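Below you'll find the structure, written out as structure tokens, and then a few comments.
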Amino acid sequence: MTLKGARERWVRTGGVELCVAELGDPGRPTVVLVHGYPDSKEVWSEVAARLAGRFHVVLYDVRGHGRSTAPRPLRGGFTLAKLTDDFLAVVDAVSPDRPVHLVGHDWGSVQSWEFVTVGRTEGRIASFTSISGPSLDHFGHWINARVKRPTPRRVGQLLGQGAKSWYVYLLHTPALPELAWRGPLGTYWPKILERAERVPGGDYPTASLPTDAAHGAWLYRDNVRARLRRPRPDAYAHAPVQLITPQEDAFLSERLYDDLDRWAPRLTRRTLPAGHWVPRTRPDQVAAWIEQFATSAEGGRPAPRPTGRHADRFAGQLVLVTGAGSGIGRATAFAFAEAGARVIAVDRDAEAAARTAEQSRLAGAPDAWAEPADVSDEQAMEKLAEKVHDEHGVLDVLVNNAGIGLSGSFFATTTDDWRKVLDVNLWGVIHGCRLFGARMAERDQGGHIVNVASAAAYQPSRVLPAYSTSKAAVLMLSECLRAELAAQGIGVTAVCPGFVNTSITSTARFAGVDEEEQRRRQQRTARLYGLRNYPPEKVADAILDAVADNRAVAPVTPEARGARLLYRFAPGLLRRIARVEPRL
Ligand code: NAP
């Protein structure tokens with residue numbers, strides 16, 4: 001892993017020489033990326049490459065790391081004050097007249113919190129993006145609040161973070177970390193990272209790792225204990241802050257940031273379902289959020305703050321919903337739009353899709369597009385996937401929602417009826433998963449697929465054999481795919497609604513009856529669903545919740561949850577209910 005096309009220079013400060021790399025046009029706004037422990041600036045390679053087209057990107061090896069020299073003596077050479085001197089020396093060299101957009105990961109973020117909360121850097125930082133590295137001052141206050149006013153919940157939070165901080169205690173021991181890094185840990189670290197975090201291992205800059213990591217132990221020894229004991233009372237951020245929290249971080253609890261708004265009043269929160277090393281495992285999302293945040297700070301505008309459900313998670317993500325012209329699909333497109341996602345509304349009805357896209361923009365989507373396509377048509381779906389990937393990139397969330405209803409006994413259902421319902425309800429989902437899921441898996445940066453099945457997937461019925469079969473297949477397909485894609489951080493959810501008040505009742509086919517009887521039954525079903533009156537918006541909320549929590553199966557509506565319970569614990573009763581013929 002190298003920084004392709006980077007220009008290098010050396011900055012001398014406080015007895016050390018810092019290796020600084022620059023990418024992109026120096027006339028553009030500057031983004032400074034600060035690496036953590038035990039890394040060097042190369043940890044940012046993927047993110048830097050993605051930002052270089054729009055920004056002047058600057059990276060430097062922290063003193064004692066990578067190709068920067070180490071202070072002598074080591075003890076006392078890594079204090080936050082000296083790290084702040086280094087940052088100012090780099091900024092003086094690369095962007096003397098214009099404030100920079102600061103981004104820190106791990107210890108890079110810990111020290112950047114110092115930069116953005118001390119007076120001498122005021123006016124030099126236009127925005128700060130913090131990833132997996134809290135301010136030691138805020139951390140100190142967080143601990144004090146829990147020790148002074150303990151409640152069971154607060155004690156639990158303390159213990160939780162304490163367990164995650166085991167390595168910090170070890171790093172305070174004399175000589176042990178140095179011995180470990182120069183011995184087996186240094187050799188096996190890339191493999192450990194690859195296994196635990198799925199950080200691509202082959203190209204990790206191993207040559208400097210043992211020395212970097214041994215020096216880096218002084219970051220902890222010189223700062224942690226002293227600052228946690230006496231946190232500064234006035235550690236307020238003087239620039240807007242974007243906090244990116246990986247939800248599966250093995251070293252930091254999400255709870256650490258609960259009180260952050262107090263210290264950073266202009267705070268934007270983002271969450272990612274990923275481990276600690278997101279600059280390497282999720283460079284697309286990290287770069288997109290940095291770009292968005294820095295661009296809005298440049299414009300002097302506050303960063304857009306979508307207020308919808310799970311906005312911290314979905315803002316800026318690319319979401320495609322099929323069957324988005326009506327009902328559950330339309331409501332789902334709006335819910336993602338309100339959360340600040342970029343939405344692609346797909347429907348076979350082009351006008352309905354266009355309406356959804358238009359209203360998604362009004363609901364808060366930074367961008368929304370309409371694409372007409374019939375999900376059952378393989379070629380049309382291939383064309384759609386090609387267009388979407390070319391014009392917008394790889395999806396973060398795919399919602400295979402388009403579906404049609406079909407009622408009628410098994411013998412009344414013709415082979416043509418079977419084909420139609422399976423073509424849309426099952427093949428439509430297969431095409432979506434294949435064409436969009438493949439690119440998600442290839443990108444290897446996580447994502448989520450939602451397949452809208454139905455409670456009919458597990459609740460047998462004598463009047464819905466074809467529809468229920470199609471939905472049961474979607475449920476099992478989702479489970480299988482979930483197992484296959486888990487290792488790549490891609491979640492798959494089968495959503496199983498019960499009776500939802502949408503227009504599916506007036507378009508559903510009734511097999512074995514003439515046109516007039518069909519119309520009568522459609523009207524009667526629509527009336528019954530109207531009386532039940534469960535709104536599609538609630539299903540949309542459940543879809544966003546299920547993605548955020550990475551649920552395997554999400555039954556929605558009380559009757560769908562009840563049937564799921566019966567399916568698991570009293571299947572005999574469910575079979576008896578299946579024999580009842582509803583009067584329509
Ligand atoms: P809806 O209001 O009829 O919406 C479905 C949308 O999908 C319509 O705009 C429809 O267009 C579109 N569509 C149908 N076939 C398509 C195709 N081949 N290609 C592209 N778009 C297509 O129905 P809904 O209730 O929201 O249903 C959404 C999903 O939820 C379906 O999979 C359904 O099986 C499932 N579901 C619904 C309920 C319920 O009670 N409503 C319960 C459980 C599961 P047209 O209008 O042109 O057909």
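Ligands are numbered from 1 in the order shown, chains are lettered A, B, ... in the order of the structure tokens, and residues start at 1 in each chain.
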- [ ] Could you tell me, as a VMD selection string, which residues of stretch 111-270 of chain A DSSP assigns to strand (DSSP E or B) when given the backbone?
- [x] chain A and resid 125 to 131 241 to 246 267 to 270
- [ ] Apply DSSP to the structure's backbone, then extract all residues of stretch 349-566 of chain A labelled alpha helix (DSSP H) and return them as a PyMOL selection string.
- [x] chain A and resi 350-363+378-391+415-422+428-443+465-485+504-507+515-532+536-548+558-566
Open item on the list: Can you pull out the residues contacting A:Ala453? Cut-off 7 Å, using only C-alpha atoms, and skip same-chain residues under 5 positions away; I want them as a list in words.
Closed with: Lys471, Val474, Leu475, Ala494, Val495 and Cys496 of chain A
Task: Expected answer as number ranges by chain: residues within 9 Å of ligand 1, only C-alpha atoms and all ligand atoms - done: A: 322-331, 346-349, 352-353, 372-377, 400-405, 420, 423-425, 428, 451-456, 467, 471, 495-508, 529, 534, 536, 556, 560
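Nearest residue to A:Val450, choosing from A:Glu338, A:Asp249, A:Asp545, A:Glu178 and counting only C-alpha atoms: A:Asp545.
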Open item on the list: I'd like to know which of A:Trp263, A:Phe314, A:Phe55, A:Trp44 is closest to A:Ala239, using only C-alpha atoms.
Closed with: A:Trp263
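Picture a line from atom CA of A:Glu291 to atom CA of A:Arg63; it runs 26.9 Å.
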